[in-house]
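Engineer: Pasting a structure here, questions to come.
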Amino acid sequence: MQLYEWLSNVASGQSTGKALVYRDTYLSWRGLLHRVDRRAQELHALGISPGSWVGLMLGNVPDFVILALALAKIDAVVVPLDPTTGNRELEMILEAAPLRALITRPRGGEGGQASAGLPYYASPTAARPAAGPPSKFVPESRRRLQGTLLTCGLYKRTSLAGLTDGPGAPDVVLLTASIGGDPKGVVKTSANLEAAAQAIGKTLGVSVSDRILCTLPLHASYGFDFGLLTTLASGATLFLEDEISPKRIAKLLREQSIDFFAGTPALYGSLVRVPTVKPLKTAGARFISSGSALPANIAEGFYQRFGIRLLSCYHSTQAGPLALDRGGKDPESVGKPFEGVELRVAGPKGDRLPPGETGPIWVRSRALSVVSVPRMHLPKRSDGVPIGGLDDGWLRTGDVGQQDKTGRTTITGREDDLVKVDGKRVALGEVEGCLEAFPKVKAAQARVITDDLGGPMVVARVVRAGVCRAEDIIDHCARNLAPYKVPRQIEFCEQLG
């Protein structure tokens, strides 16, 4: 309900102000409220009631914003999903999250593929291709949302016990990866959302006059927090973009006088390489970089080309915004904690370490989610609190780093095999398992590398059990993993080191 309350408050105070801009069209706050109210009535008529979990499998388009706010109005739970999610992974998501409905665009119809319509996992049994594996989750009905190409599949599912009402009731559930690579839904309450918005707003001085450009996926926590959440809480104007074209983004930054923008090092690296770029003249601009370490050459190159310092940021799905290099002059550090956030480097048992000593990173804030689905059984550790565990409200993040005497934090690695590729969690063990499932692969080892241009990617070393090409292995992974998890390079070797 928190998202809709923000919308109502802003619309009552600045009804004619621009709320959402997408391509050549825009919605005022009053116009956005009107569309949200109409869509909420339609969703309620479909049988979506308070407490229902609804998946939004959409990109950065106005429909995502309108539907998320409409679901908030009827007290349903918003579950943003990656529209590139494959069959296997969505089946796992449906297993973990009790979706009452799934809203998506029709797929296929091009390049000789199947005709347009829902994929097999969201279709009735009769419409499922014979070659596709049977799904445990078949919708009881499908409805087309009025005036759109969007389809809403309705399932006979009930909300999880203990997560239906009260202060701990979920408003939003954001998907990330568990240690084993399985989907994990991070439950965000109204209090979590409000705390995250306050931390961003106060630390970065966000106001109603700001112009926020969101090119990061709204279905991911980084884009959701620094895009939709920040816009609604501040009453700023949100510019949505779903086409990740460096030339187009550079043009938007200049022509729309964007003064608040969150990106990844890979995106900023691609912007540095855009020819004939002119420096931006936007006073007080705040450009945030997170998702992976910000290379110094990209930070300096962006400043030379665009005239704006990139602010290195530490953010996580479970805890929201954590730390920020406010000056933008030390990209190797993520700076000091956001407003309302506590961060320390401590031992496995939570005992604080001296400045300059490397150890696990612990965080505590009101934005920290303490509930996930399915409920995780964390592996016990003889040396202290398990990774992802809580101790007196402090979360052991799994990240490793160090703090200096002034409280500035530098992240140096991970305690487990979870890594980030453009802001999305990847379990290397899951990638290795997929590689070793290929009949002609004996053993595999995956890792993440960052090229000179700042793009993190998964690569793998493989021991073959028979004759095969790297392309065959990559094709196998592409059929079974999300695109960002697929190895970009395969190196053949006699044995793993």
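Going through the structure tokens in order, the chains are called A, B, and so on, while each chain numbers its residues from 1 and the ligands are numbered from 1 in the order shown.
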Just the residues within 7 Å of Pro487 in chain A, please, counting only C-alpha atoms, with nothing from its chain fewer than 2 positions along; format it as a PDB file with N, CA, C and O atoms, in the first residue's frame.
Structural biologist:
```pdb
ATOM      1  N   VAL A 458      30.770 -13.967 -17.042  1.00  0.00           N
ATOM      2  CA  VAL A 458      31.095 -15.314 -16.583  1.00  0.00           C
ATOM      3  C   VAL A 458      31.917 -16.017 -17.659  1.00  0.00           C
ATOM      4  O   VAL A 458      31.569 -15.981 -18.838  1.00  0.00           O
ATOM      5  N   VAL A 459      33.009 -16.639 -17.244  1.00  0.00           N
ATOM      6  CA  VAL A 459      33.825 -17.461 -18.134  1.00  0.00           C
ATOM      7  C   VAL A 459      34.034 -18.801 -17.442  1.00  0.00           C
ATOM      8  O   VAL A 459      33.809 -18.932 -16.236  1.00  0.00           O
ATOM      9  N   ALA A 460      34.471 -19.803 -18.193  1.00  0.00           N
ATOM     10  CA  ALA A 460      34.597 -21.142 -17.614  1.00  0.00           C
ATOM     11  C   ALA A 460      35.786 -21.892 -18.186  1.00  0.00           C
ATOM     12  O   ALA A 460      36.141 -21.723 -19.357  1.00  0.00           O
ATOM     13  N   ILE A 474      28.117 -23.546 -24.883  1.00  0.00           N
ATOM     14  CA  ILE A 474      27.439 -22.276 -24.624  1.00  0.00           C
ATOM     15  C   ILE A 474      25.967 -22.371 -25.000  1.00  0.00           C
ATOM     16  O   ILE A 474      25.091 -21.865 -24.278  1.00  0.00           O
ATOM     17  N   LYS A 485      23.868 -15.385 -16.860  1.00  0.00           N
ATOM     18  CA  LYS A 485      24.621 -16.466 -16.224  1.00  0.00           C
ATOM     19  C   LYS A 485      25.419 -17.301 -17.224  1.00  0.00           C
ATOM     20  O   LYS A 485      26.283 -18.089 -16.836  1.00  0.00           O
ATOM     21  N   GLN A 489      32.950 -17.125 -22.452  1.00  0.00           N
ATOM     22  CA  GLN A 489      34.152 -17.763 -22.984  1.00  0.00           C
ATOM     23  C   GLN A 489      34.302 -19.149 -22.371  1.00  0.00           C
ATOM     24  O   GLN A 489      34.000 -19.347 -21.192  1.00  0.00           O
ATOM     25  N   ILE A 490      34.758 -20.098 -23.186  1.00  0.00           N
ATOM     26  CA  ILE A 490      35.050 -21.453 -22.720  1.00  0.00           C
ATOM     27  C   ILE A 490      36.523 -21.744 -23.005  1.00  0.00           C
ATOM     28  O   ILE A 490      36.965 -21.638 -24.148  1.00  0.00           O
TER      29      ILE A 490
END
```
Engineer: Can you list, as number ranges by chain, every protein, DNA or RNA residue that comes within 10 Å of Arg254 in chain A when you count only C-alpha atoms, leaving out same-chain residues fewer than 3 positions away?
Structural biologist: A: 249-251, 257-259, 277-282, 306
Engineer: Would you mind listing what lies within 7 Å of range 83-89 of chain A as a list in words, with only C-alpha atoms counted and same-chain residues fewer than 6 positions away left out?
Structural biologist: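 My list of contacting residues is Met57, Leu58, Gly59, Tyr121, Asn480 and Ala482 of chain A.
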Engineer: Rounded to one decimal in Å, what is the spacing between CA of Ser234 in chain A and CA of Gly201 in chain A?
Structural biologist: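 Rounded to one decimal, the two atoms are 7.3 Å apart.
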Engineer: Pick from A:Ile308, A:Leu253, A:Leu496, A:Val61: nearest to Tyr26 in chain A, with only C-alpha atoms counted?
Structural biologist: A:Val61
Engineer: Skip Gly168 in chain A itself and residues of its chain fewer than 6 positions away, then list as a VMD selection string all residues within 12 Å of it, counting only C-alpha atoms.
Structural biologist: chain A and resid 161 to 162 187 to 192 369 to 372
Engineer: Near range 268-276 of chain A, within 8 Å and counting only C-alpha atoms, which residues show up once chain neighbours fewer than 4 positions away are dropped, as a PDB file with N, CA, C and O atoms, in the first residue's frame?
Structural biologist:
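Heads up, here's the output in result.pdb:
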```pdb
ATOM      1  N   PRO A 246      23.886   2.993 -25.807  1.00  0.00           N
ATOM      2  CA  PRO A 246      24.712   4.074 -25.255  1.00  0.00           C
ATOM      3  C   PRO A 246      24.466   5.414 -25.933  1.00  0.00           C
ATOM      4  O   PRO A 246      24.400   6.445 -25.257  1.00  0.00           O
ATOM      5  N   LYS A 247      24.306   5.429 -27.251  1.00  0.00           N
ATOM      6  CA  LYS A 247      24.065   6.693 -27.952  1.00  0.00           C
ATOM      7  C   LYS A 247      22.756   7.322 -27.512  1.00  0.00           C
ATOM      8  O   LYS A 247      22.674   8.530 -27.299  1.00  0.00           O
ATOM      9  N   ILE A 249      21.134   6.790 -24.647  1.00  0.00           N
ATOM     10  CA  ILE A 249      21.214   7.201 -23.245  1.00  0.00           C
ATOM     11  C   ILE A 249      21.996   8.504 -23.121  1.00  0.00           C
ATOM     12  O   ILE A 249      21.606   9.414 -22.379  1.00  0.00           O
ATOM     13  N   ALA A 250      23.109   8.604 -23.843  1.00  0.00           N
ATOM     14  CA  ALA A 250      23.897   9.844 -23.814  1.00  0.00           C
ATOM     15  C   ALA A 250      23.060  11.029 -24.297  1.00  0.00           C
ATOM     16  O   ALA A 250      23.148  12.133 -23.749  1.00  0.00           O
ATOM     17  N   GLY A 263      23.554   3.643 -12.743  1.00  0.00           N
ATOM     18  CA  GLY A 263      23.992   2.709 -13.775  1.00  0.00           C
ATOM     19  C   GLY A 263      25.003   1.728 -13.218  1.00  0.00           C
ATOM     20  O   GLY A 263      25.310   1.717 -12.018  1.00  0.00           O
ATOM     21  N   THR A 264      25.548   0.906 -14.090  1.00  0.00           N
ATOM     22  CA  THR A 264      26.580  -0.057 -13.739  1.00  0.00           C
ATOM     23  C   THR A 264      27.890   0.367 -14.377  1.00  0.00           C
ATOM     24  O   THR A 264      27.904   1.146 -15.340  1.00  0.00           O
ATOM     25  N   ILE A 298      37.419   3.906 -15.875  1.00  0.00           N
ATOM     26  CA  ILE A 298      36.077   4.272 -16.326  1.00  0.00           C
ATOM     27  C   ILE A 298      35.603   5.521 -15.587  1.00  0.00           C
ATOM     28  O   ILE A 298      35.026   6.442 -16.192  1.00  0.00           O
ATOM     29  N   GLY A 301      37.552   8.368 -17.061  1.00  0.00           N
ATOM     30  CA  GLY A 301      37.142   8.592 -18.450  1.00  0.00           C
ATOM     31  C   GLY A 301      35.785   9.252 -18.543  1.00  0.00           C
ATOM     32  O   GLY A 301      35.568  10.143 -19.376  1.00  0.00           O
ATOM     33  N   PHE A 302      34.853   8.851 -17.678  1.00  0.00           N
ATOM     34  CA  PHE A 302      33.522   9.461 -17.692  1.00  0.00           C
ATOM     35  C   PHE A 302      33.599  10.923 -17.263  1.00  0.00           C
ATOM     36  O   PHE A 302      32.926  11.786 -17.839  1.00  0.00           O
ATOM     37  N   ARG A 305      34.956  12.970 -20.166  1.00  0.00           N
ATOM     38  CA  ARG A 305      34.036  13.106 -21.303  1.00  0.00           C
ATOM     39  C   ARG A 305      32.768  13.871 -20.943  1.00  0.00           C
ATOM     40  O   ARG A 305      32.273  14.682 -21.737  1.00  0.00           O
ATOM     41  N   LEU A 453      37.092  -2.694 -20.377  1.00  0.00           N
ATOM     42  CA  LEU A 453      36.027  -1.716 -20.567  1.00  0.00           C
ATOM     43  C   LEU A 453      34.993  -1.769 -19.452  1.00  0.00           C
ATOM     44  O   LEU A 453      33.961  -1.123 -19.524  1.00  0.00           O
ATOM     45  N   GLY A 454      35.251  -2.602 -18.437  1.00  0.00           N
ATOM     46  CA  GLY A 454      34.398  -2.569 -17.254  1.00  0.00           C
ATOM     47  C   GLY A 454      33.228  -3.524 -17.265  1.00  0.00           C
ATOM     48  O   GLY A 454      32.371  -3.435 -16.398  1.00  0.00           O
ATOM     49  N   GLY A 455      33.168  -4.448 -18.222  1.00  0.00           N
ATOM     50  CA  GLY A 455      32.033  -5.351 -18.281  1.00  0.00           C
ATOM     51  C   GLY A 455      32.308  -6.680 -17.593  1.00  0.00           C
ATOM     52  O   GLY A 455      33.142  -7.460 -18.057  1.00  0.00           O
TER      53      GLY A 455
END
```
Engineer: Considering only C-alpha atoms, tabulate each residue of range 164-186 of chain A that lies at most 6 Å from range 71-81 of chain A along with its nearest interatomic pair and the corresponding distance in Å to one decimal; arrange the rows by chain and ascending residue number and present them as a tab-separated table.
Structural biologist:
```
residue	atom	partner	partner_atom	distance
A:Asp171	CA	A:Val77	CA	5.1
A:Val172	CA	A:Val78	CA	4.7
A:Val173	CA	A:Val79	CA	5.0
```
Engineer: Between A:Leu368, A:Leu175, A:Cys313, A:Ala11, single out the one closest to Leu27 in chain A, counting only C-alpha atoms.
Structural biologist: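 Comparing A:Leu368, A:Leu175, A:Cys313, A:Ala11 against Leu27 in chain A, the winner is A:Ala11.
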Engineer: If we count only C-alpha atoms, what is near Gly31 in chain A at a cut-off of 9 Å, once residues fewer than 4 positions away on the same chain are taken out, given as a VMD selection string?
Structural biologist: chain A and resid 11 15 to 16 19 27 35 to 36
Engineer: For the strand (DSSP E) assignment from backbone DSSP, which residues of range 267-349 of chain A qualify? Please present them as a compact mmCIF listing (two decimals) with N, CA, C and O atoms, in the first residue's frame.
Structural biologist:
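Saved result, selection.txt, follows:
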```txt
# COMPACT_ATOMS: atom_id res chain seq x y z
N ARG A 286 23.75 13.79 -9.84
CA ARG A 286 24.22 12.65 -9.06
C ARG A 286 24.09 11.40 -9.92
O ARG A 286 22.97 10.95 -10.19
N PHE A 287 25.22 10.87 -10.35
CA PHE A 287 25.27 9.67 -11.17
C PHE A 287 25.87 8.55 -10.32
O PHE A 287 27.03 8.63 -9.91
N ILE A 288 25.08 7.50 -10.09
CA ILE A 288 25.45 6.43 -9.16
C ILE A 288 25.97 5.22 -9.94
O ILE A 288 25.43 4.88 -10.99
N SER A 289 26.99 4.55 -9.41
CA SER A 289 27.51 3.33 -10.02
C SER A 289 27.50 2.21 -8.99
O SER A 289 28.07 2.35 -7.90
N LEU A 310 31.38 10.09 -11.02
CA LEU A 310 30.55 8.94 -10.70
C LEU A 310 30.68 8.62 -9.21
O LEU A 310 31.79 8.62 -8.66
N LEU A 311 29.55 8.33 -8.57
CA LEU A 311 29.53 8.03 -7.15
C LEU A 311 29.41 6.52 -6.95
O LEU A 311 28.36 5.92 -7.23
N SER A 312 30.48 5.90 -6.50
CA SER A 312 30.48 4.46 -6.29
C SER A 312 29.56 4.11 -5.12
O SER A 312 29.63 4.72 -4.05
N CYS A 313 28.69 3.12 -5.33
CA CYS A 313 27.63 2.81 -4.37
C CYS A 313 27.64 1.32 -4.00
O CYS A 313 27.96 0.46 -4.82
N TYR A 314 27.27 1.04 -2.76
CA TYR A 314 27.12 -0.33 -2.25
C TYR A 314 25.63 -0.55 -1.99
O TYR A 314 25.01 0.17 -1.20
N HIS A 315 25.04 -1.52 -2.68
CA HIS A 315 23.60 -1.77 -2.59
C HIS A 315 23.36 -3.26 -2.64
O HIS A 315 24.10 -4.01 -3.30
N SER A 316 22.35 -3.72 -1.94
CA SER A 316 22.00 -5.14 -2.00
C SER A 316 20.49 -5.31 -2.02
O SER A 316 19.75 -4.42 -1.57
N GLY A 320 19.01 -3.11 0.71
CA GLY A 320 18.80 -1.83 0.04
C GLY A 320 20.08 -1.02 -0.07
O GLY A 320 21.18 -1.57 -0.12
N PRO A 321 19.99 0.32 -0.07
CA PRO A 321 21.17 1.18 -0.17
C PRO A 321 22.00 1.10 1.10
O PRO A 321 21.48 1.21 2.21
N LEU A 322 23.33 0.92 0.95
CA LEU A 322 24.18 0.71 2.12
C LEU A 322 25.26 1.77 2.30
O LEU A 322 25.43 2.32 3.37
N ALA A 323 26.03 2.05 1.24
CA ALA A 323 27.13 3.02 1.37
C ALA A 323 27.34 3.74 0.05
O ALA A 323 26.99 3.23 -1.01
N LEU A 324 27.95 4.94 0.14
CA LEU A 324 28.12 5.78 -1.04
C LEU A 324 29.38 6.62 -0.91
O LEU A 324 29.65 7.22 0.14
N LYS A 336 31.01 6.02 2.76
CA LYS A 336 30.40 5.87 4.08
C LYS A 336 28.93 5.47 3.96
O LYS A 336 28.32 5.63 2.91
N PRO A 337 28.34 4.95 5.04
CA PRO A 337 26.96 4.47 4.99
C PRO A 337 25.95 5.55 4.61
O PRO A 337 26.15 6.74 4.88
N GLU A 342 23.79 1.42 9.36
CA GLU A 342 25.01 1.10 10.12
C GLU A 342 25.76 0.01 9.36
O GLU A 342 25.17 -0.96 8.90
N LEU A 343 27.09 0.16 9.26
CA LEU A 343 27.92 -0.79 8.53
C LEU A 343 29.22 -0.97 9.28
O LEU A 343 29.83 0.00 9.72
N ARG A 344 29.64 -2.22 9.41
CA ARG A 344 30.91 -2.48 10.09
C ARG A 344 31.59 -3.69 9.48
O ARG A 344 30.94 -4.55 8.87
N VAL A 345 32.90 -3.74 9.62
CA VAL A 345 33.69 -4.92 9.25
C VAL A 345 34.00 -5.65 10.54
O VAL A 345 34.60 -5.09 11.46
```
Engineer: Compile the contact shell of Lys156 in chain A as a VMD selection string: residues with an atom at most 12 Å away, counting only C-alpha atoms, same-chain residues fewer than 3 positions apart removed.
Structural biologist: chain A and resid 47 to 48 52 to 53 94 98 to 102 136 to 141 153 159
Engineer: Could you tell me how far CA of Ala177 in chain A lies from CA of Asp417 in chain A, in Å and to one decimal?
Structural biologist: 11.2 Å
Engineer: Just to confirm, what's the straight-line distance from CA of Leu20 in chain A to CA of Gly147 in chain A in Å (one decimal)?
Structural biologist: 19.0 Å
Engineer: Quick one: DSSP alpha helix (DSSP H) residues in range 150-279 of chain A, as a PyMOL selection string?
Structural biologist: chain A and resi 190-204+221-223+230-234+246-255+265-272
Engineer: Dump C-alpha atoms for the selected residues as a PDB file, in the first residue's frame?
Structural biologist:
```pdb
ATOM      1  CA  SER A 190       6.078  -0.844   3.889  1.00  0.00           C
ATOM      2  CA  ALA A 191       8.603   0.030   6.588  1.00  0.00           C
ATOM      3  CA  ASN A 192      11.464  -1.390   4.488  1.00  0.00           C
ATOM      4  CA  LEU A 193      10.405   0.607   1.428  1.00  0.00           C
ATOM      5  CA  GLU A 194       9.986   3.827   3.394  1.00  0.00           C
ATOM      6  CA  ALA A 195      13.395   3.435   5.062  1.00  0.00           C
ATOM      7  CA  ALA A 196      15.147   2.768   1.737  1.00  0.00           C
ATOM      8  CA  ALA A 197      13.494   5.809   0.149  1.00  0.00           C
ATOM      9  CA  GLN A 198      14.462   8.015   3.097  1.00  0.00           C
ATOM     10  CA  ALA A 199      18.071   6.791   2.997  1.00  0.00           C
ATOM     11  CA  ILE A 200      18.382   7.613  -0.723  1.00  0.00           C
ATOM     12  CA  GLY A 201      16.469  10.879  -0.503  1.00  0.00           C
ATOM     13  CA  LYS A 202      18.372  12.317   2.458  1.00  0.00           C
ATOM     14  CA  THR A 203      21.824  11.117   1.428  1.00  0.00           C
ATOM     15  CA  LEU A 204      21.533  12.271  -2.184  1.00  0.00           C
ATOM     16  CA  SER A 221      16.281  -4.218  -6.740  1.00  0.00           C
ATOM     17  CA  TYR A 222      18.910  -1.658  -7.826  1.00  0.00           C
ATOM     18  CA  GLY A 223      16.681  -0.248 -10.581  1.00  0.00           C
ATOM     19  CA  THR A 230      12.955   7.224  -5.299  1.00  0.00           C
ATOM     20  CA  THR A 231      10.583   8.881  -7.779  1.00  0.00           C
ATOM     21  CA  LEU A 232       7.402   8.114  -5.847  1.00  0.00           C
ATOM     22  CA  ALA A 233       8.833   9.116  -2.485  1.00  0.00           C
ATOM     23  CA  SER A 234      10.154  12.466  -3.752  1.00  0.00           C
ATOM     24  CA  PRO A 246      24.712   4.074 -25.255  1.00  0.00           C
ATOM     25  CA  LYS A 247      24.065   6.693 -27.952  1.00  0.00           C
ATOM     26  CA  ARG A 248      20.420   7.031 -26.971  1.00  0.00           C
ATOM     27  CA  ILE A 249      21.214   7.201 -23.245  1.00  0.00           C
ATOM     28  CA  ALA A 250      23.897   9.844 -23.814  1.00  0.00           C
ATOM     29  CA  LYS A 251      21.360  11.849 -25.826  1.00  0.00           C
ATOM     30  CA  LEU A 252      18.737  11.583 -23.080  1.00  0.00           C
ATOM     31  CA  LEU A 253      21.195  12.648 -20.399  1.00  0.00           C
ATOM     32  CA  ARG A 254      21.985  15.802 -22.357  1.00  0.00           C
ATOM     33  CA  GLU A 255      18.631  16.769 -23.904  1.00  0.00           C
ATOM     34  CA  PRO A 265      30.308   0.196 -14.526  1.00  0.00           C
ATOM     35  CA  ALA A 266      29.690  -1.643 -17.816  1.00  0.00           C
ATOM     36  CA  LEU A 267      27.051   0.913 -18.830  1.00  0.00           C
ATOM     37  CA  TYR A 268      29.268   3.851 -17.932  1.00  0.00           C
ATOM     38  CA  GLY A 269      32.125   2.218 -19.840  1.00  0.00           C
ATOM     39  CA  SER A 270      29.944   2.023 -22.944  1.00  0.00           C
ATOM     40  CA  LEU A 271      28.969   5.692 -22.528  1.00  0.00           C
ATOM     41  CA  VAL A 272      32.644   6.683 -22.376  1.00  0.00           C
TER      42      VAL A 272
END
```
Engineer: For a quick check of understanding, using only C-alpha atoms, which of A:Ile66, A:Pro374, A:Asn9, A:Gly393 has the smallest distance to Asp37 in chain A?
Structural biologist: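 Among the listed residues, A:Ile66 lies closest to Asp37 in chain A.
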Engineer: Rank nothing, just name the residue among A:Leu56, A:Val426, A:Ala283, A:Ala444 nearest to Leu481 in chain A, using only C-alpha atoms.
Structural biologist: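 Of A:Leu56, A:Val426, A:Ala283, A:Ala444, the one nearest Leu481 in chain A is A:Val426, counting only C-alpha atoms.
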Engineer: Given the choices A:Arg469, A:Ala319, A:Leu428, A:Lys329, which gets closest to Leu395 in chain A if the distance is worked out from only C-alpha atoms?
Structural biologist: A:Ala319
Engineer: My list of candidates is A:Lys440, A:Arg447, A:Arg352, A:Arg464. Which is closest to Lys420 in chain A when distances are computed with only C-alpha atoms?
Structural biologist: A:Arg447
